[in-house]
Amino acid sequence: MTIQELAGVCKEVRRDIINMTANAGSGHPGGSLSAVEMMTGIFYTQMRVDPKNPKWEDRDRFVLSKGHAAPCYYAVLAEKGFFSKDEFQNFRQLHSILQGHPDAKKVPGVDASTGSLGQGVSIAVGMALGAKQLKKDTKVFVMCGDGECQEGQIWEALMSAAHYKLDNLTVVIDNNGLQIDGSNDEVMSLGDLAAKTRAFGLETIEVADGNDLEQVLAALNAETPAGKPKCIISHTVKGKGVSFMENQVGWHGKAPNAEQREQALKELA
């Protein structure tokens with residue numbers, strides 16, 4: 001796909017996020033909107049998947065460690081054809097396949113049930129290590145949040161990825177600078193995140209604007225040395241694409257009302 005076509009997908013994904021959360025009256029639009037370009041880039045340009053056969057053994061794997069960004073994940077999967085967008089009406093409803101966090105037993109295309117922060121990189125390391133043991137060329141991608149990187153388990157998993165030379169693993173950190181209680185620096189400063197991931201043995205690429213598709217694709221396509229897992233630190237804007245949500249911590253876990261939905265969809269037209 002061209003950059004222009006991918007940009008069109010991203011705009012549609014953003015509209016889906018707004019509609020899903022507005023319909024439910026709950027959800028997490030802020031961190032979903034920040035992740036759109038990276039998640040779209042991964043699914044549309046990097047991953048070997050078959051929407052008609054979501055459990056295909058030789059598919060690549062994706063883990064959304066920041067599971068509350070499920071609206072973005074569901075929107076990308078639906079745009080790819082894993083399930084009908086009609087399901088969006090049931091987001092976060094009892095018995096729906098589209099719960100507030102991804103459920104691998106219910107949602108076609110979801111490889112891991114996530115939501116308890118800090119665990120996703122460990123899951124992805126296990127998948128990547130398993131592929132190596134089976135001598136498969138499976139690629140594994142995992143997206144975690146920057147606030148989530150305050151969890152110690154993230155760092156144990158990164159250390160393991162480097163130790164086992166998992167060059168089939170790409171770890172993406174959606175670095176939008178905000179978490180549920182405020183800015184990262186206010187809650188628990190992460191310091192020099194890139195220096196830390198490099199010190200843990202990952203080939204680290206910083207994306208200055210993680211909501212710019214050209215920069216995102218350049219990072220995803222960058223070759224890394226044999227035996228080194230890749231880490232992409234993607235500097236993004238929480239609530240990207242909707243003016244009144246951008247860089248506002250209050251939109252971490254709050255749905256737009258009818259008037260706000262209308263305004264957001266006009267901006268995303």
# chains A, B, ... in the order shown; residues from 1 in each chain; ligands from 1
$ closest_atom_pairs --of "stretch 138-237 of chain A" --to "stretch 250-264 of chain A" --cutoff "10 Å" --atoms "only C-alpha atoms" --output "JSON lines"
{"residue": "A:Leu178", "atom": "CA", "partner": "A:His252", "partner_atom": "CA", "distance": 8.2}
{"residue": "A:Gln179", "atom": "CA", "partner": "A:His252", "partner_atom": "CA", "distance": 7.0}
{"residue": "A:Ile180", "atom": "CA", "partner": "A:His252", "partner_atom": "CA", "distance": 5.8}
{"residue": "A:Asp181", "atom": "CA", "partner": "A:Gly250", "partner_atom": "CA", "distance": 8.7}
{"residue": "A:Gly182", "atom": "CA", "partner": "A:Gly250", "partner_atom": "CA", "distance": 8.5}
$ select_by_dssp --residues "stretch 181-233 of chain A" --states "strand (DSSP E)" --output "VMD selection string"
chain A and resid 182 to 183 203 to 207 230 to 233
$ atom_distance --atom1 "atom CA of A:Ala269" --atom2 "atom CA of A:Gly8"
10.3 Å
$ residues_around --residues "stretch 133-137 of chain A" --least-positions-apart "3" --cutoff "12 Å" --atoms "only C-alpha atoms" --output "mmCIF file with N, CA and C atoms, in the first residue's frame"
data_model
loop_
_atom_site.group_PDB
_atom_site.id
_atom_site.type_symbol
_atom_site.label_atom_id
_atom_site.label_comp_id
_atom_site.auth_asym_id
_atom_site.auth_seq_id
_atom_site.Cartn_x
_atom_site.Cartn_y
_atom_site.Cartn_z
ATOM 1 N N MET A 47 3.486 -7.885 9.042
ATOM 2 C CA MET A 47 3.040 -9.185 9.539
ATOM 3 C C MET A 47 2.494 -10.103 8.449
ATOM 4 N N ARG A 48 2.837 -11.361 8.582
ATOM 5 C CA ARG A 48 2.313 -12.411 7.707
ATOM 6 C C ARG A 48 1.105 -13.022 8.429
ATOM 7 N N GLU A 57 -0.928 -21.634 11.619
ATOM 8 C CA GLU A 57 0.219 -21.952 12.466
ATOM 9 C C GLU A 57 1.449 -21.116 12.122
ATOM 10 N N ASP A 58 1.629 -20.793 10.847
ATOM 11 C CA ASP A 58 2.828 -20.079 10.417
ATOM 12 C C ASP A 58 2.655 -18.569 10.359
ATOM 13 N N ARG A 59 1.620 -18.065 11.000
ATOM 14 C CA ARG A 59 1.422 -16.608 11.019
ATOM 15 C C ARG A 59 2.452 -15.942 11.921
ATOM 16 N N ASP A 60 2.658 -14.642 11.720
ATOM 17 C CA ASP A 60 3.408 -13.844 12.676
ATOM 18 C C ASP A 60 2.491 -13.514 13.854
ATOM 19 N N ARG A 61 3.089 -13.105 14.952
ATOM 20 C CA ARG A 61 2.315 -12.846 16.182
ATOM 21 C C ARG A 61 2.413 -11.381 16.615
ATOM 22 N N GLY A 126 8.272 -15.363 25.055
ATOM 23 C CA GLY A 126 7.976 -16.788 24.985
ATOM 24 C C GLY A 126 7.624 -17.230 23.582
ATOM 25 N N MET A 127 6.841 -16.430 22.881
ATOM 26 C CA MET A 127 6.469 -16.748 21.501
ATOM 27 C C MET A 127 7.696 -16.753 20.583
ATOM 28 N N ALA A 128 8.542 -15.735 20.741
ATOM 29 C CA ALA A 128 9.729 -15.624 19.895
ATOM 30 C C ALA A 128 10.716 -16.750 20.177
ATOM 31 N N LEU A 129 10.875 -17.089 21.459
ATOM 32 C CA LEU A 129 11.771 -18.180 21.843
ATOM 33 C C LEU A 129 11.243 -19.514 21.317
ATOM 34 N N GLY A 130 9.919 -19.703 21.403
ATOM 35 C CA GLY A 130 9.313 -20.923 20.883
ATOM 36 C C GLY A 130 9.541 -21.076 19.392
ATOM 37 N N VAL A 140 7.630 -11.767 15.812
ATOM 38 C CA VAL A 140 6.757 -11.430 16.940
ATOM 39 C C VAL A 140 6.890 -9.937 17.239
ATOM 40 N N TYR A 164 18.625 -14.445 25.017
ATOM 41 C CA TYR A 164 18.309 -15.544 24.098
ATOM 42 C C TYR A 164 18.438 -15.146 22.623
ATOM 43 N N LYS A 165 18.979 -13.919 22.382
ATOM 44 C CA LYS A 165 19.281 -13.461 21.021
ATOM 45 C C LYS A 165 18.048 -13.528 20.111
ATOM 46 N N LEU A 166 16.954 -12.975 20.591
ATOM 47 C CA LEU A 166 15.685 -13.068 19.860
ATOM 48 C C LEU A 166 15.571 -11.965 18.806
ATOM 49 N N ASP A 167 16.280 -12.169 17.702
ATOM 50 C CA ASP A 167 16.239 -11.189 16.622
ATOM 51 C C ASP A 167 14.965 -11.285 15.789
ATOM 52 N N ASN A 168 14.059 -12.175 16.185
ATOM 53 C CA ASN A 168 12.734 -12.248 15.562
ATOM 54 C C ASN A 168 11.689 -11.458 16.349
ATOM 55 N N LEU A 169 12.145 -10.715 17.358
ATOM 56 C CA LEU A 169 11.250 -9.954 18.244
ATOM 57 C C LEU A 169 11.425 -8.454 18.050
#
$ closest_residue --among "A:Thr114, A:Ser243, A:Gln89, A:Thr45" --to "A:Ala70" --atoms "only C-alpha atoms"
A:Thr114
$ decode --residues "stretch 227-239 of chain A" --atoms "all heavy atoms" --output "PDB file, in the first residue's frame"
ATOM      1  N   GLY A 227      20.990 -11.636  15.941  1.00  0.00           N
ATOM      2  CA  GLY A 227      21.043 -11.973  17.356  1.00  0.00           C
ATOM      3  C   GLY A 227      20.593 -10.872  18.301  1.00  0.00           C
ATOM      4  O   GLY A 227      20.637 -11.055  19.519  1.00  0.00           O
ATOM      5  N   LYS A 228      20.127  -9.721  17.743  1.00  0.00           N
ATOM      6  CA  LYS A 228      19.683  -8.632  18.627  1.00  0.00           C
ATOM      7  C   LYS A 228      18.206  -8.353  18.416  1.00  0.00           C
ATOM      8  O   LYS A 228      17.764  -8.107  17.285  1.00  0.00           O
ATOM      9  CB  LYS A 228      20.480  -7.351  18.355  1.00  0.00           C
ATOM     10  CG  LYS A 228      21.928  -7.416  18.795  1.00  0.00           C
ATOM     11  CD  LYS A 228      22.542  -6.032  18.908  1.00  0.00           C
ATOM     12  CE  LYS A 228      22.163  -5.360  20.195  1.00  0.00           C
ATOM     13  NZ  LYS A 228      22.912  -4.113  20.441  1.00  0.00           N
ATOM     14  N   PRO A 229      17.408  -8.390  19.486  1.00  0.00           N
ATOM     15  CA  PRO A 229      16.016  -7.960  19.360  1.00  0.00           C
ATOM     16  C   PRO A 229      15.951  -6.465  19.084  1.00  0.00           C
ATOM     17  O   PRO A 229      16.876  -5.719  19.448  1.00  0.00           O
ATOM     18  CB  PRO A 229      15.412  -8.295  20.726  1.00  0.00           C
ATOM     19  CG  PRO A 229      16.549  -8.509  21.648  1.00  0.00           C
ATOM     20  CD  PRO A 229      17.767  -8.805  20.838  1.00  0.00           C
ATOM     21  N   LYS A 230      14.887  -6.046  18.435  1.00  0.00           N
ATOM     22  CA  LYS A 230      14.705  -4.629  18.103  1.00  0.00           C
ATOM     23  C   LYS A 230      13.755  -3.979  19.096  1.00  0.00           C
ATOM     24  O   LYS A 230      12.755  -4.574  19.508  1.00  0.00           O
ATOM     25  CB  LYS A 230      14.135  -4.485  16.685  1.00  0.00           C
ATOM     26  CG  LYS A 230      13.938  -3.024  16.235  1.00  0.00           C
ATOM     27  CD  LYS A 230      13.091  -2.917  14.972  1.00  0.00           C
ATOM     28  CE  LYS A 230      13.845  -3.291  13.722  1.00  0.00           C
ATOM     29  NZ  LYS A 230      13.072  -2.942  12.503  1.00  0.00           N
ATOM     30  N   CYS A 231      14.073  -2.745  19.476  1.00  0.00           N
ATOM     31  CA  CYS A 231      13.180  -1.937  20.295  1.00  0.00           C
ATOM     32  C   CYS A 231      12.933  -0.617  19.571  1.00  0.00           C
ATOM     33  O   CYS A 231      13.891   0.066  19.195  1.00  0.00           O
ATOM     34  CB  CYS A 231      13.772  -1.679  21.680  1.00  0.00           C
ATOM     35  SG  CYS A 231      12.729  -0.620  22.723  1.00  0.00           S
ATOM     36  N   ILE A 232      11.676  -0.283  19.365  1.00  0.00           N
ATOM     37  CA  ILE A 232      11.312   0.994  18.757  1.00  0.00           C
ATOM     38  C   ILE A 232      10.634   1.848  19.817  1.00  0.00           C
ATOM     39  O   ILE A 232       9.601   1.459  20.375  1.00  0.00           O
ATOM     40  CB  ILE A 232      10.360   0.802  17.557  1.00  0.00           C
ATOM     41  CG1 ILE A 232      11.029  -0.034  16.463  1.00  0.00           C
ATOM     42  CG2 ILE A 232       9.925   2.159  17.002  1.00  0.00           C
ATOM     43  CD1 ILE A 232      10.098  -0.397  15.315  1.00  0.00           C
ATOM     44  N   ILE A 233      11.245   2.987  20.124  1.00  0.00           N
ATOM     45  CA  ILE A 233      10.632   3.934  21.054  1.00  0.00           C
ATOM     46  C   ILE A 233       9.939   4.994  20.209  1.00  0.00           C
ATOM     47  O   ILE A 233      10.595   5.799  19.534  1.00  0.00           O
ATOM     48  CB  ILE A 233      11.671   4.556  22.002  1.00  0.00           C
ATOM     49  CG1 ILE A 233      12.333   3.456  22.842  1.00  0.00           C
ATOM     50  CG2 ILE A 233      10.999   5.593  22.911  1.00  0.00           C
ATOM     51  CD1 ILE A 233      13.452   3.951  23.738  1.00  0.00           C
ATOM     52  N   SER A 234       8.624   4.948  20.218  1.00  0.00           N
ATOM     53  CA  SER A 234       7.815   5.766  19.317  1.00  0.00           C
ATOM     54  C   SER A 234       7.212   6.943  20.086  1.00  0.00           C
ATOM     55  O   SER A 234       6.297   6.767  20.893  1.00  0.00           O
ATOM     56  CB  SER A 234       6.714   4.876  18.721  1.00  0.00           C
ATOM     57  OG  SER A 234       5.921   5.579  17.814  1.00  0.00           O
ATOM     58  N   HIS A 235       7.744   8.134  19.844  1.00  0.00           N
ATOM     59  CA  HIS A 235       7.261   9.330  20.540  1.00  0.00           C
ATOM     60  C   HIS A 235       5.961   9.800  19.872  1.00  0.00           C
ATOM     61  O   HIS A 235       5.967  10.242  18.727  1.00  0.00           O
ATOM     62  CB  HIS A 235       8.320  10.429  20.505  1.00  0.00           C
ATOM     63  CG  HIS A 235       9.598  10.056  21.195  1.00  0.00           C
ATOM     64  ND1 HIS A 235       9.711  10.049  22.570  1.00  0.00           N
ATOM     65  CD2 HIS A 235      10.796   9.640  20.713  1.00  0.00           C
ATOM     66  CE1 HIS A 235      10.939   9.661  22.905  1.00  0.00           C
ATOM     67  NE2 HIS A 235      11.610   9.406  21.795  1.00  0.00           N
ATOM     68  N   THR A 236       4.861   9.669  20.599  1.00  0.00           N
ATOM     69  CA  THR A 236       3.545   9.936  20.034  1.00  0.00           C
ATOM     70  C   THR A 236       2.788  10.974  20.859  1.00  0.00           C
ATOM     71  O   THR A 236       3.257  11.418  21.908  1.00  0.00           O
ATOM     72  CB  THR A 236       2.712   8.635  19.976  1.00  0.00           C
ATOM     73  OG1 THR A 236       2.555   8.126  21.313  1.00  0.00           O
ATOM     74  CG2 THR A 236       3.390   7.586  19.100  1.00  0.00           C
ATOM     75  N   VAL A 237       1.604  11.319  20.360  1.00  0.00           N
ATOM     76  CA  VAL A 237       0.718  12.265  21.053  1.00  0.00           C
ATOM     77  C   VAL A 237      -0.513  11.508  21.523  1.00  0.00           C
ATOM     78  O   VAL A 237      -1.239  10.921  20.712  1.00  0.00           O
ATOM     79  CB  VAL A 237       0.305  13.417  20.114  1.00  0.00           C
ATOM     80  CG1 VAL A 237      -0.745  14.313  20.787  1.00  0.00           C
ATOM     81  CG2 VAL A 237       1.527  14.234  19.707  1.00  0.00           C
ATOM     82  N   LYS A 238      -0.736  11.515  22.814  1.00  0.00           N
ATOM     83  CA  LYS A 238      -1.944  10.876  23.351  1.00  0.00           C
ATOM     84  C   LYS A 238      -3.174  11.612  22.815  1.00  0.00           C
ATOM     85  O   LYS A 238      -3.222  12.842  22.816  1.00  0.00           O
ATOM     86  CB  LYS A 238      -1.927  10.909  24.876  1.00  0.00           C
ATOM     87  CG  LYS A 238      -2.940   9.961  25.511  1.00  0.00           C
ATOM     88  CD  LYS A 238      -2.478   9.525  26.895  1.00  0.00           C
ATOM     89  CE  LYS A 238      -3.345   8.385  27.407  1.00  0.00           C
ATOM     90  NZ  LYS A 238      -2.736   7.695  28.551  1.00  0.00           N
ATOM     91  N   GLY A 239      -4.152  10.861  22.312  1.00  0.00           N
ATOM     92  CA  GLY A 239      -5.348  11.478  21.741  1.00  0.00           C
ATOM     93  C   GLY A 239      -5.146  12.036  20.348  1.00  0.00           C
ATOM     94  O   GLY A 239      -5.977  12.825  19.871  1.00  0.00           O
TER      95      GLY A 239
END
